[in-house]
Every structure is written in C-alpha cells, then in structure tokens.
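Q: What follows is structure_20.txt, compact mmCIF, C-alpha atoms.
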```txt
# COMPACT_ATOMS: atom_id res chain seq x y z
CA MET A 1 -11.10 -0.85 24.47
CA ALA A 2 -9.14 -3.55 22.79
CA ASP A 3 -5.60 -3.63 24.04
CA THR A 4 -4.04 -5.15 20.93
CA MET A 5 -4.38 -4.54 17.23
CA GLN A 6 -3.37 -6.25 14.03
CA PHE A 7 0.06 -5.24 12.74
CA ASP A 8 1.46 -6.13 9.32
CA LEU A 9 4.82 -5.16 7.94
CA VAL A 10 5.19 -6.00 4.27
CA SER A 11 7.83 -5.24 1.70
CA PRO A 12 7.30 -5.82 -2.03
CA GLU A 13 9.01 -9.18 -1.80
CA ARG A 14 7.73 -10.64 1.43
CA LYS A 15 5.79 -10.26 4.62
CA LEU A 16 8.11 -9.51 7.52
CA ALA A 17 5.74 -9.43 10.43
CA SER A 18 2.12 -10.06 11.11
CA GLY A 19 0.36 -10.40 14.41
CA ALA A 20 -1.31 -8.72 17.34
CA VAL A 21 0.61 -5.91 19.01
CA ARG A 22 -0.03 -3.30 21.70
CA ALA A 23 1.72 -0.43 19.95
CA VAL A 24 3.87 0.37 16.93
CA GLN A 25 6.37 3.18 16.71
CA ILE A 26 6.58 4.45 13.16
CA PRO A 27 9.23 6.75 11.70
CA ALA A 28 6.88 9.01 9.73
CA THR A 29 8.12 11.75 7.41
CA GLU A 30 6.95 14.48 9.70
CA GLY A 31 8.15 12.95 12.93
CA ASP A 32 7.90 9.67 14.81
CA LEU A 33 4.50 8.53 15.89
CA THR A 34 3.14 5.69 17.93
CA ALA A 35 0.03 3.90 16.77
CA MET A 36 -2.06 2.16 19.38
CA PRO A 37 -5.40 0.38 19.11
CA ASP A 38 -8.28 2.70 18.19
CA HIS A 39 -6.01 5.25 16.59
CA ALA A 40 -7.84 7.60 14.23
CA PRO A 41 -7.51 6.43 10.62
CA MET A 42 -4.53 7.97 8.88
CA ILE A 43 -2.07 7.42 6.08
CA THR A 44 1.45 8.71 6.28
CA THR A 45 4.70 8.34 4.39
CA LEU A 46 7.82 7.02 6.05
CA ARG A 47 11.38 8.21 6.30
CA PRO A 48 14.32 5.83 6.83
CA GLY A 49 14.34 4.79 10.44
CA LEU A 50 13.63 2.21 13.10
CA LEU A 51 10.20 0.74 13.45
CA THR A 52 9.40 -0.86 16.78
CA SER A 53 6.44 -3.05 17.55
CA GLU A 54 5.44 -4.05 21.06
CA GLY A 55 3.91 -7.47 20.85
CA PRO A 56 2.91 -9.90 23.56
CA GLU A 57 6.29 -11.63 23.21
CA GLY A 58 8.20 -8.41 23.64
CA GLU A 59 9.59 -5.81 21.35
CA SER A 60 10.66 -6.38 17.76
CA ARG A 61 12.65 -3.84 15.84
CA PHE A 62 12.81 -3.41 12.10
CA VAL A 63 14.65 -1.07 9.82
CA VAL A 64 12.63 0.53 7.04
CA THR A 65 13.93 2.74 4.27
CA GLY A 66 10.75 4.46 3.22
CA GLY A 67 7.26 3.64 2.10
CA PHE A 68 4.01 4.38 3.86
CA ALA A 69 1.81 3.28 6.70
CA GLU A 70 -1.93 2.92 6.92
CA ILE A 71 -3.34 3.19 10.40
CA THR A 72 -6.92 2.27 11.21
CA PRO A 73 -8.60 1.70 14.57
CA ALA A 74 -8.35 -2.05 13.98
CA GLY A 75 -4.76 -2.25 12.91
CA THR A 76 -1.67 -0.87 11.28
CA THR A 77 -0.21 -1.85 7.94
CA VAL A 78 3.25 -0.70 7.02
CA LEU A 79 4.25 -0.96 3.37
CA ALA A 80 7.99 -0.51 3.36
CA GLU A 81 10.03 -0.04 0.23
CA ARG A 82 12.72 -2.13 1.85
CA ALA A 83 12.63 -3.56 5.34
CA PHE A 84 14.94 -5.72 7.42
CA PRO A 85 14.78 -7.12 10.93
CA ALA A 86 17.22 -5.03 12.98
CA GLY A 87 20.63 -6.67 13.01
CA ALA A 88 23.96 -6.92 11.27
CA GLU A 89 22.36 -7.61 7.92
CA ALA A 90 20.26 -4.46 8.21
CA ARG A 91 23.34 -2.43 9.08
CA ALA A 92 25.23 -3.65 6.02
CA ALA A 93 22.25 -2.97 3.77
CA LEU A 94 21.74 0.50 5.22
CA GLU A 95 25.39 1.39 4.76
CA ALA A 96 25.15 0.39 1.11
CA ILE A 97 22.03 2.52 0.66
CA LEU A 98 23.70 5.43 2.47
CA ALA A 99 26.72 5.30 0.16
CA GLU A 100 24.39 5.19 -2.83
CA THR A 101 22.37 8.15 -1.57
CA ARG A 102 25.51 10.20 -0.92
CA ALA A 103 26.86 9.45 -4.36
CA LYS A 104 23.56 10.52 -5.88
CA ALA A 105 23.40 13.67 -3.75
CA ALA A 106 26.80 14.71 -5.10
CA THR A 107 25.51 14.69 -8.67
CA VAL A 108 22.38 16.81 -8.25
CA SER A 109 21.61 20.21 -6.79
CA GLY A 110 18.72 22.28 -5.48
CA PRO A 111 15.73 20.79 -3.70
CA GLU A 112 16.58 17.34 -4.95
CA LYS A 113 19.96 17.51 -3.21
CA ASP A 114 18.30 18.75 0.00
CA ALA A 115 15.92 15.80 -0.05
CA LEU A 116 18.76 13.34 -0.61
CA ASP A 117 20.86 14.98 2.12
CA LYS A 118 17.95 14.63 4.50
CA THR A 119 17.60 10.96 3.59
CA ALA A 120 21.32 10.47 4.14
CA GLY A 121 21.03 12.13 7.56
CA ASP A 122 18.11 9.89 8.48
CA LEU A 123 20.07 6.84 7.37
CA GLU A 124 23.07 7.87 9.46
CA ARG A 125 20.96 8.32 12.56
CA THR A 126 19.31 4.95 11.98
CA ILE A 127 22.67 3.23 11.68
CA ALA A 128 23.80 4.91 14.88
CA ALA A 129 20.65 3.81 16.68
CA LEU A 130 21.05 0.17 15.67
CA MET B 1 12.88 -50.19 -45.49
CA PRO B 2 15.44 -48.25 -43.39
CA ASN B 3 18.26 -50.43 -42.25
CA LEU B 4 18.52 -51.64 -38.69
CA LYS B 5 21.53 -49.56 -37.75
CA ASP B 6 19.80 -46.30 -38.73
CA LEU B 7 16.74 -47.22 -36.73
CA LYS B 8 18.80 -48.06 -33.70
CA ASN B 9 20.60 -44.72 -33.89
CA ARG B 10 17.31 -42.93 -34.25
CA ILE B 11 15.87 -44.61 -31.17
CA GLY B 12 18.99 -43.70 -29.22
CA SER B 13 18.73 -40.06 -30.18
CA VAL B 14 15.03 -39.81 -29.35
CA LYS B 15 15.75 -41.44 -26.01
CA SER B 16 18.32 -38.83 -25.11
CA THR B 17 15.96 -36.08 -26.22
CA ARG B 18 13.36 -37.53 -23.91
CA LYS B 19 15.85 -37.48 -21.05
CA ILE B 20 16.52 -33.80 -21.69
CA THR B 21 12.88 -32.78 -21.91
CA LYS B 22 12.09 -34.80 -18.80
CA ALA B 23 14.86 -33.04 -16.91
CA MET B 24 13.70 -29.63 -18.15
CA GLN B 25 10.19 -30.42 -17.04
CA MET B 26 11.35 -31.29 -13.56
CA VAL B 27 13.52 -28.21 -13.31
CA ALA B 28 10.60 -26.07 -14.47
CA ALA B 29 8.34 -27.67 -11.88
CA ALA B 30 10.77 -26.81 -9.11
CA LYS B 31 11.24 -23.27 -10.40
CA LEU B 32 7.50 -22.87 -10.81
CA ARG B 33 6.96 -23.58 -7.13
CA ARG B 34 9.50 -20.95 -6.20
CA ALA B 35 8.07 -18.43 -8.65
CA GLN B 36 4.57 -19.06 -7.36
CA ASP B 37 5.72 -18.56 -3.78
CA ALA B 38 7.37 -15.28 -4.75
CA ALA B 39 4.22 -14.10 -6.50
CA GLU B 40 2.19 -15.10 -3.48
CA ALA B 41 4.51 -13.25 -1.10
CA ALA B 42 4.29 -10.07 -3.14
CA ARG B 43 0.52 -10.05 -3.21
CA PRO B 44 -0.28 -8.38 0.16
CA TYR B 45 1.92 -5.40 -0.69
CA ALA B 46 0.48 -4.98 -4.16
CA ASP B 47 -3.11 -5.31 -2.95
CA LYS B 48 -2.70 -2.80 -0.15
CA MET B 49 -0.88 -0.42 -2.46
CA ALA B 50 -3.69 -0.62 -5.01
CA ASP B 51 -6.30 -0.06 -2.27
CA VAL B 52 -4.64 3.04 -0.90
CA VAL B 53 -3.81 4.52 -4.29
CA ASN B 54 -7.35 3.94 -5.55
CA GLY B 55 -8.81 5.55 -2.46
CA LEU B 56 -6.53 8.55 -2.77
CA ALA B 57 -6.92 8.82 -6.50
CA ALA B 58 -10.70 8.84 -6.23
CA SER B 59 -10.57 11.79 -3.87
CA VAL B 60 -8.00 13.74 -5.88
CA ALA B 61 -9.21 12.85 -9.37
CA GLY B 62 -10.81 15.69 -11.23
CA SER B 63 -8.99 18.36 -9.28
CA SER B 64 -6.56 20.46 -11.27
CA THR B 65 -3.70 19.66 -8.91
CA ALA B 66 -3.83 15.93 -9.67
CA PRO B 67 -0.35 14.64 -10.53
CA LYS B 68 0.45 13.89 -14.15
CA LEU B 69 0.87 10.19 -13.44
CA LEU B 70 -2.80 10.08 -12.51
CA ALA B 71 -4.38 12.67 -14.77
CA GLY B 72 -2.26 11.97 -17.82
CA THR B 73 -0.66 14.52 -20.08
CA GLY B 74 -3.95 15.56 -21.63
CA SER B 75 -3.13 13.81 -24.86
CA GLU B 76 -3.19 10.23 -26.06
CA GLN B 77 -0.97 10.60 -29.06
CA THR B 78 2.08 8.57 -28.13
CA HIS B 79 1.79 5.13 -26.63
CA LEU B 80 4.53 3.20 -24.91
CA LEU B 81 4.11 -0.56 -24.93
CA VAL B 82 6.22 -2.44 -22.44
CA VAL B 83 6.32 -6.01 -23.70
CA MET B 84 7.49 -8.51 -21.12
CA THR B 85 8.62 -11.88 -22.36
CA ALA B 86 11.07 -14.56 -21.32
CA GLU B 87 14.81 -14.68 -21.90
CA ARG B 88 14.61 -18.28 -23.00
CA GLY B 89 12.56 -20.27 -25.42
CA LEU B 90 11.26 -23.84 -25.21
CA CYS B 91 8.23 -22.80 -23.26
CA GLY B 92 5.40 -23.46 -25.67
CA GLY B 93 3.35 -20.52 -26.82
CA PHE B 94 4.39 -18.34 -23.89
CA ASN B 95 6.41 -15.74 -25.78
CA SER B 96 4.37 -15.81 -28.97
CA SER B 97 1.09 -15.22 -27.18
CA ILE B 98 2.32 -12.02 -25.51
CA VAL B 99 3.90 -10.82 -28.72
CA LYS B 100 0.69 -11.52 -30.60
CA VAL B 101 -1.38 -9.41 -28.22
CA ALA B 102 1.19 -6.61 -28.24
CA ARG B 103 1.49 -6.65 -32.01
CA TYR B 104 -2.26 -6.54 -32.44
CA ARG B 105 -2.44 -3.54 -30.11
CA ALA B 106 0.43 -1.79 -31.87
CA GLU B 107 -1.14 -2.27 -35.28
CA LYS B 108 -4.48 -1.00 -34.03
CA LEU B 109 -2.87 2.13 -32.59
CA LEU B 110 -0.88 2.73 -35.75
CA LYS B 111 -4.03 2.45 -37.82
CA GLU B 112 -5.60 5.12 -35.63
CA GLY B 113 -2.69 7.38 -36.46
CA LYS B 114 -1.04 7.18 -33.05
CA THR B 115 2.66 6.97 -32.43
CA VAL B 116 3.84 3.70 -30.94
CA LYS B 117 7.02 3.11 -28.99
CA ILE B 118 7.96 -0.31 -27.72
CA LEU B 119 10.17 -1.17 -24.79
CA THR B 120 10.96 -4.85 -24.62
CA VAL B 121 11.82 -6.81 -21.51
CA GLY B 122 13.29 -10.21 -22.28
CA LYS B 123 15.18 -11.29 -25.36
CA LYS B 124 12.54 -13.46 -26.98
CA GLY B 125 9.98 -10.73 -27.40
CA ARG B 126 12.54 -8.43 -28.94
CA GLU B 127 13.54 -11.04 -31.50
CA GLN B 128 9.95 -11.55 -32.57
CA LEU B 129 8.99 -7.89 -32.68
CA LYS B 130 12.14 -6.77 -34.47
CA ARG B 131 10.91 -8.23 -37.73
CA ASP B 132 7.88 -6.08 -38.48
CA LEU B 133 7.89 -3.43 -35.74
CA GLY B 134 11.64 -2.91 -35.54
CA ALA B 135 11.33 0.81 -36.25
CA HIS B 136 9.23 1.31 -33.13
CA LEU B 137 11.57 -0.36 -30.65
CA VAL B 138 13.00 2.27 -28.35
CA GLY B 139 14.75 0.20 -25.76
CA HIS B 140 15.40 -3.16 -24.25
CA VAL B 141 15.82 -4.40 -20.71
CA ASP B 142 18.02 -7.44 -20.43
CA LEU B 143 17.20 -9.80 -17.59
CA SER B 144 19.24 -12.75 -18.84
CA ASP B 145 21.66 -12.52 -15.89
CA VAL B 146 18.88 -12.35 -13.36
CA LYS B 147 18.20 -15.65 -11.62
CA ARG B 148 15.28 -14.46 -9.52
CA VAL B 149 13.45 -11.28 -10.34
CA GLY B 150 13.63 -8.85 -7.45
CA TYR B 151 12.10 -5.52 -6.70
CA GLU B 152 15.27 -3.83 -7.97
CA ASN B 153 14.64 -5.21 -11.46
CA ALA B 154 11.19 -3.68 -11.44
CA ALA B 155 12.66 -0.44 -10.10
CA ASP B 156 15.16 -0.36 -12.99
CA ILE B 157 12.40 -0.76 -15.55
CA SER B 158 10.15 1.83 -13.95
CA LYS B 159 13.07 4.25 -13.72
CA ARG B 160 13.48 4.05 -17.47
CA VAL B 161 9.76 4.47 -17.98
CA PHE B 162 9.71 7.56 -15.74
CA GLU B 163 12.72 9.09 -17.44
CA MET B 164 10.91 8.78 -20.75
CA PHE B 165 7.69 10.10 -19.24
CA ASP B 166 9.41 13.12 -17.70
CA ALA B 167 11.05 13.85 -21.03
CA GLY B 168 7.58 13.85 -22.58
CA GLU B 169 8.34 10.92 -24.83
CA PHE B 170 4.97 9.24 -24.39
CA ASP B 171 1.48 9.87 -23.03
CA VAL B 172 0.15 6.43 -22.21
CA ALA B 173 2.06 3.38 -21.03
CA THR B 174 0.78 -0.17 -21.10
CA ILE B 175 2.51 -3.31 -19.92
CA PHE B 176 2.00 -6.69 -21.57
CA PHE B 177 2.58 -9.83 -19.57
CA ASN B 178 1.18 -13.29 -19.01
CA ARG B 179 -1.10 -13.58 -16.03
CA PHE B 180 -0.59 -16.89 -14.28
CA GLU B 181 -3.85 -18.73 -14.15
CA SER B 182 -2.69 -22.33 -13.80
CA VAL B 183 0.06 -24.56 -15.11
CA ILE B 184 -1.82 -25.13 -18.32
CA SER B 185 -3.30 -21.69 -18.76
CA GLN B 186 -1.54 -18.34 -18.88
CA ILE B 187 -3.45 -15.34 -20.07
CA PRO B 188 -1.66 -12.60 -21.99
CA THR B 189 -2.82 -9.37 -20.37
CA PRO B 190 -2.39 -5.73 -21.27
CA GLN B 191 -2.47 -3.38 -18.28
CA GLN B 192 -2.33 0.38 -18.45
CA ILE B 193 0.07 1.82 -15.88
CA ILE B 194 0.36 5.49 -16.88
CA PRO B 195 -1.93 7.34 -16.39
CA ALA B 196 -3.15 5.23 -13.49
CA GLU B 197 -6.47 3.59 -14.10
CA VAL B 198 -8.88 4.13 -11.26
CA PRO B 199 -11.90 1.87 -11.01
CA ALA B 200 -15.01 4.01 -11.03
CA GLU B 201 -16.55 2.62 -7.86
CA ALA B 202 -13.35 3.02 -5.84
CA GLY B 203 -13.45 5.27 -2.83
CA ALA B 204 -12.21 5.03 0.70
CA GLU B 205 -14.81 3.71 3.11
CA MET B 206 -12.87 5.40 5.86
CA LEU B 207 -11.93 9.02 6.17
CA TYR B 208 -8.21 9.14 6.65
CA ASP B 209 -5.97 11.83 7.99
CA TYR B 210 -3.11 12.40 5.63
CA GLU B 211 0.33 13.38 6.74
CA PRO B 212 1.70 15.18 4.74
CA SER B 213 -1.11 16.32 2.41
CA GLU B 214 -3.08 14.02 0.10
CA GLU B 215 -1.34 15.39 -2.97
CA ALA B 216 2.12 14.97 -1.46
CA ILE B 217 1.40 11.38 -0.50
CA LEU B 218 -0.05 10.64 -3.90
CA GLU B 219 3.00 12.17 -5.54
CA ASP B 220 5.13 9.78 -3.52
CA LEU B 221 2.89 6.76 -3.94
CA LEU B 222 2.07 6.82 -7.64
CA PRO B 223 5.60 6.05 -8.85
CA ARG B 224 5.78 3.28 -6.25
CA SER B 225 2.47 1.94 -7.38
CA VAL B 226 3.71 1.81 -10.98
CA THR B 227 6.86 0.01 -9.86
CA THR B 228 4.76 -2.41 -7.85
CA GLN B 229 2.56 -3.14 -10.85
CA ILE B 230 5.63 -3.82 -12.96
CA PHE B 231 7.04 -6.02 -10.22
CA THR B 232 3.81 -7.99 -9.97
CA ALA B 233 3.80 -8.39 -13.74
CA LEU B 234 7.39 -9.66 -13.69
CA LEU B 235 6.55 -12.21 -11.02
CA GLU B 236 3.40 -13.37 -12.79
CA ASN B 237 5.42 -13.65 -15.95
CA ALA B 238 8.12 -15.69 -14.26
CA ALA B 239 5.54 -18.10 -12.86
CA SER B 240 3.75 -18.30 -16.21
CA GLU B 241 7.00 -18.98 -18.04
CA GLN B 242 7.82 -21.91 -15.81
CA GLY B 243 4.26 -23.18 -16.03
CA ALA B 244 4.27 -22.96 -19.80
CA ARG B 245 7.64 -24.63 -20.00
CA MET B 246 6.52 -27.38 -17.70
CA SER B 247 3.50 -28.28 -19.79
CA ALA B 248 5.42 -27.89 -23.06
CA MET B 249 8.14 -30.21 -21.80
CA ASP B 250 5.57 -32.63 -20.47
CA ASN B 251 4.08 -32.83 -23.96
CA ALA B 252 7.51 -33.20 -25.50
CA THR B 253 8.39 -36.01 -23.13
CA ARG B 254 5.18 -37.80 -23.97
CA ASN B 255 5.70 -37.33 -27.69
CA ALA B 256 9.22 -38.68 -27.41
CA GLY B 257 7.86 -41.72 -25.58
CA ASP B 258 5.31 -42.37 -28.33
CA MET B 259 7.97 -41.97 -30.95
CA ILE B 260 10.26 -44.44 -29.21
CA ASP B 261 7.45 -46.98 -29.06
CA ARG B 262 6.74 -46.56 -32.74
CA LEU B 263 10.36 -46.79 -33.74
CA THR B 264 10.92 -49.83 -31.54
CA ILE B 265 8.04 -51.67 -33.22
CA GLN B 266 9.45 -50.75 -36.60
CA TYR B 267 12.89 -51.92 -35.52
CA ASN B 268 11.59 -55.25 -34.26
CA ARG B 269 9.59 -55.82 -37.42
CA SER B 270 12.56 -55.06 -39.62
CA ARG B 271 14.72 -57.40 -37.63
CA GLN B 272 12.12 -60.14 -37.83
CA ALA B 273 11.73 -59.57 -41.56
CA ALA B 274 15.46 -59.89 -42.03
CA ILE B 275 15.55 -63.16 -40.09
CA THR B 276 12.59 -64.54 -42.02
CA LYS B 277 14.24 -63.61 -45.28
CA GLU B 278 17.44 -65.39 -44.33
CA LEU B 279 15.51 -68.50 -43.27
CA ILE B 280 13.60 -68.58 -46.56
CA GLU B 281 16.88 -68.34 -48.42
CA ILE B 282 18.37 -71.21 -46.49
CA ILE B 283 15.29 -73.41 -46.82
CA SER B 284 14.80 -72.79 -50.52
CA GLY B 285 18.53 -73.35 -50.99
CA ALA B 286 18.24 -76.74 -49.23
CA GLU B 287 15.16 -77.73 -51.22
CA ALA B 288 16.86 -77.00 -54.51
CA LEU B 289 19.51 -79.61 -53.85
```
Please lay out the structure from this file as structure tokens.

A:
Amino acid sequence: MADTMQFDLVSPERKLASGAVRAVQIPATEGDLTAMPDHAPMITTLRPGLLTSEGPEGESRFVVTGGFAEITPAGTTVLAERAFPAGAEARAALEAILAETRAKAATVSGPEKDALDKTAGDLERTIAAL
Amino acid sequence: MPNLKDLKNRIGSVKSTRKITKAMQMVAAAKLRRAQDAAEAARPYADKMADVVNGLAASVAGSSTAPKLLAGTGSEQTHLLVVMTAERGLCGGFNSSIVKVARYRAEKLLKEGKTVKILTVGKKGREQLKRDLGAHLVGHVDLSDVKRVGYENAADISKRVFEMFDAGEFDVATIFFNRFESVISQIPTPQQIIPAEVPAEAGAEMLYDYEPSEEAILEDLLPRSVTTQIFTALLENAASEQGARMSAMDNATRNAGDMIDRLTIQYNRSRQAAITKELIEIISGAEAL
C-alpha cells in the first residue's frame, strides 16, 4: 500500500497546497474525517473549520470556509470557497466572515437562520481552535 | 502648402500621442501578464468543479428531483443575457465584438418571440447596447472601482442572477465574454450557465460515496459552479481586454511613427522649397542689376 497520496487544496483564486501527504483531516459537513491513501472514492461538502495535512515535512494547517472535497484512492482534492494558511491573517478574515454571518442571521428566520447560526458556531469554534 | 509652423506643431502633437500610446501598450503588457497569471491560477478549481458537477449531473439528470438550476424551469420563454465588457475603451474591437455577438443573439431571440432581458457588466457594453436594446436592459454591474477582479465580484454578479432566477424573472441565462486565445486573438463566446449544460458523454468513471446525498451536494455545488463560471469569464475577459489593448496600442504606436516620418519629410521639403525660393529671388534680383 502506498503510504502517501496526492493532496491539492485550491480556492477559486489560487492553489494553496499541492504535494504528497500521508493523511488529510477534513472538516466535512457531517463530521470531521481523515482521508488516507486508498480511501474509498467519495465526495463531501465542507463546513467552516481547520484542515490539517500531514506531509513529509510535518503538519500544515489551513482554514477553510466551505466548499467540497473529492477523495479518491490516489489522492484528495479540496475545493474551498475561501482558504487561508492558519495564522493571524486567517483569524482576521474569519472574524470578518463571522460578523457578516451574524448580521445576516439576524435578518432572516426559519431554516435559513438555523443554517447561518450553525455556520456562525462553526466559525467561532474554528477561531478558538486557531 | 501648409506653413512650417503648422507642420512643426503637428509633428509635436503626433509625437506626444505616440508617447501616450507607447506607455499604454507597456502598461497593458504588464497588466496582461498579471491577468494571465490570475486566469491560470483559477483554472484548477474551475476544471475540478466542472468535472464533479458534470459527473453528478449525469447521474441525477432525468430524475424528477433534479434541482431547477440543472433541469431548468421547464420553459424557455425568457432569456437573460449577461454581457461582460470592459470599463474602459481604447482596446480595439474588444467591446464591440462582444456587443455584436450579444446583439445578434438578442435579435434572434426576439424574432422567435422570446422575451429578452440584458444584464450588463462593464460600462462600455451598456453604452453600446443602450441605443437599440435599451428597453431590455434590466441591470448593470459596475466594476470601474475594481482594480483586480476577485471571486467576490463574481459572487456579487451571481447573487443578482440567482435573485432574479428565484423570483422567476428568467428561464435561461447566458453569459457573453471574450475568451482569451492569444494577444492578437480574443474570441467572443456565449456560454449558457442556467440551466447547467451537461456534455452528453459526461459520467463519473468512479463510483463515489456522497456525503450528504447526491441531491444535497448538487444543490450546494450548482450555485458555486455558476459563480465559478462567471469568475472564469471575468478573468478571461480581463486578460482579453489587456491583450486587445496591447495590440491596439501597438498598432497606434506604429501608425504614429509612420505619420511622424511622413510629416517630417513634408516639413523638410517645405523648408527646402522656402530656401530655394529665397535663393532664386536673390539671384534673379542680382542678375537684374
């Protein structure tokens, strides 16, 4: 069994990471999951959270705000709506998105509000974990 | 024969025009590189997105639960044309060529008895379309303050498109933009974004697990895919605009150079003629004595 796989993290504007990794932790909508080489093919959507990849040069952490991931036995591709390398810049960006989400949640009601509240909660936890 | 002073002024003014066009050409070349890099960087995301959406769409298409963005509204009566042009002129046929394609399409649809609505992106297209299709313009997106198009700009445009779609204001949406082929060739391209066009032979080679369900993912992905297509179009357009401007300014610079040469010859001849005339006057004056 191969012990590394191809990992790509792309946002609409640029490619953030690309290379061989041992495992990737993905914040999927229905719970975190770890993709390793020879994972069964799957496609999942993402929630805001921390994405961690374990490469040969150690761990790298990224913040993603949503999007989806395609996992195949040969590799993992994460298409993030917005993504930042974990750090001060990511924190500032997340806080801005959080404020925006909260403001939006205050103007709607029903299932839409629940979804936005959930996103806000996810964002808060991500900021705390940074 | 124009007098010498006029000619000299004329040469001076053409020279300064040449300086300006030369500078614009160089600025466009620098911007073109940046725009091309941006378009390049956005490609992996767009390609992957198209792959996944096509795979999903092929497996969901035909089922009655298919989302509206994929299946359409069941009618083709009202068409929305999103015409993307530049905010600035002086870029050759760039704006006119998109407008021409869009206008042709609009006229064809109108002849078929369809309703046409036009959303313009970029000031130049609006100015050109206002004349004969002014009644069909439903909105305008101003990007004149935007230095570099970002994903947010595409998101703004797609948000407006979705609001209109949700309100049932149109059935089919098509974007018009210039595909960047090379510096000297940009191809005006119409691309249908709603309902999503799925190539017939598409289909996932791999059987994926979906989490959550296929429909839920598709529901989430389709709007993103539309935004991504708009974003790609904006980037292609930005690169095309700079490419078109670069070659237009290159031509202008060359024309100005030719004109200066011509005027300089004319100036020298006039000067020589004046000198000769004066000499003849002096000589014939001396001979008469």

Q: Compare A:Gly67, A:Pro37, A:Pro111, A:Gly87 by their minimum atom-to-atom distance to chain B, counting all atoms listed in the file, and give me the closest one.

A: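 Looking at the shortest contact to chain B, the residue is A:Gly67.
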
Q: If we count all atoms listed in the file, which residues of chain A reach to within 7 Å of chain B? Please list them as a ChimeraX atom specification.

A: /A:10-15,41-45,79

Q: Based on the selection just made, write C-alpha atoms of those residues as a PDB file, in the frame of the given file.

A:
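So the final result, stored in again_7.pdb, reads:
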```pdb
ATOM      1  CA  VAL A  10       5.190  -6.000   4.270  1.00  0.00           C
ATOM      2  CA  SER A  11       7.830  -5.240   1.700  1.00  0.00           C
ATOM      3  CA  PRO A  12       7.300  -5.820  -2.030  1.00  0.00           C
ATOM      4  CA  GLU A  13       9.010  -9.180  -1.800  1.00  0.00           C
ATOM      5  CA  ARG A  14       7.730 -10.640   1.430  1.00  0.00           C
ATOM      6  CA  LYS A  15       5.790 -10.260   4.620  1.00  0.00           C
ATOM      7  CA  PRO A  41      -7.510   6.430  10.620  1.00  0.00           C
ATOM      8  CA  MET A  42      -4.530   7.970   8.880  1.00  0.00           C
ATOM      9  CA  ILE A  43      -2.070   7.420   6.080  1.00  0.00           C
ATOM     10  CA  THR A  44       1.450   8.710   6.280  1.00  0.00           C
ATOM     11  CA  THR A  45       4.700   8.340   4.390  1.00  0.00           C
ATOM     12  CA  LEU A  79       4.250  -0.960   3.370  1.00  0.00           C
TER      13      LEU A  79
END
```

Q: My list of candidates is B:Asn3, B:Ser97, B:Ser59, B:Gln77. Which is closest to Ala274 (chain B) when distances are computed with all atoms listed in the file?

A: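 Between B:Asn3, B:Ser97, B:Ser59, B:Gln77, the residue approaching Ala274 (chain B) most closely is B:Asn3.
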
Q: Kindly compute an axis-aligned box around the listed atoms of region 105-120 of chain A, allowing 6 Å on each side, and express its centre and edge lengths in Å to one decimal as JSON.

A:
```
{"center_x": 21.3, "center_y": 16.4, "center_z": -2.1, "size_x": 23.1, "size_y": 23.8, "size_z": 25.2}
```

Q: Provide the CA of Leu263 (chain B) to CA of Arg10 (chain B) distance in Å, to one decimal place.

A: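 Taking CA of Leu263 (chain B) and CA of Arg10 (chain B), their separation equals 8.0 Å.
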
Q: To one decimal in Å, tell me the separation between CA of Val63 (chain A) and CA of Met5 (chain A).

A: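 For CA of Val63 (chain A) relative to CA of Met5 (chain A), the distance reads 20.7 Å.
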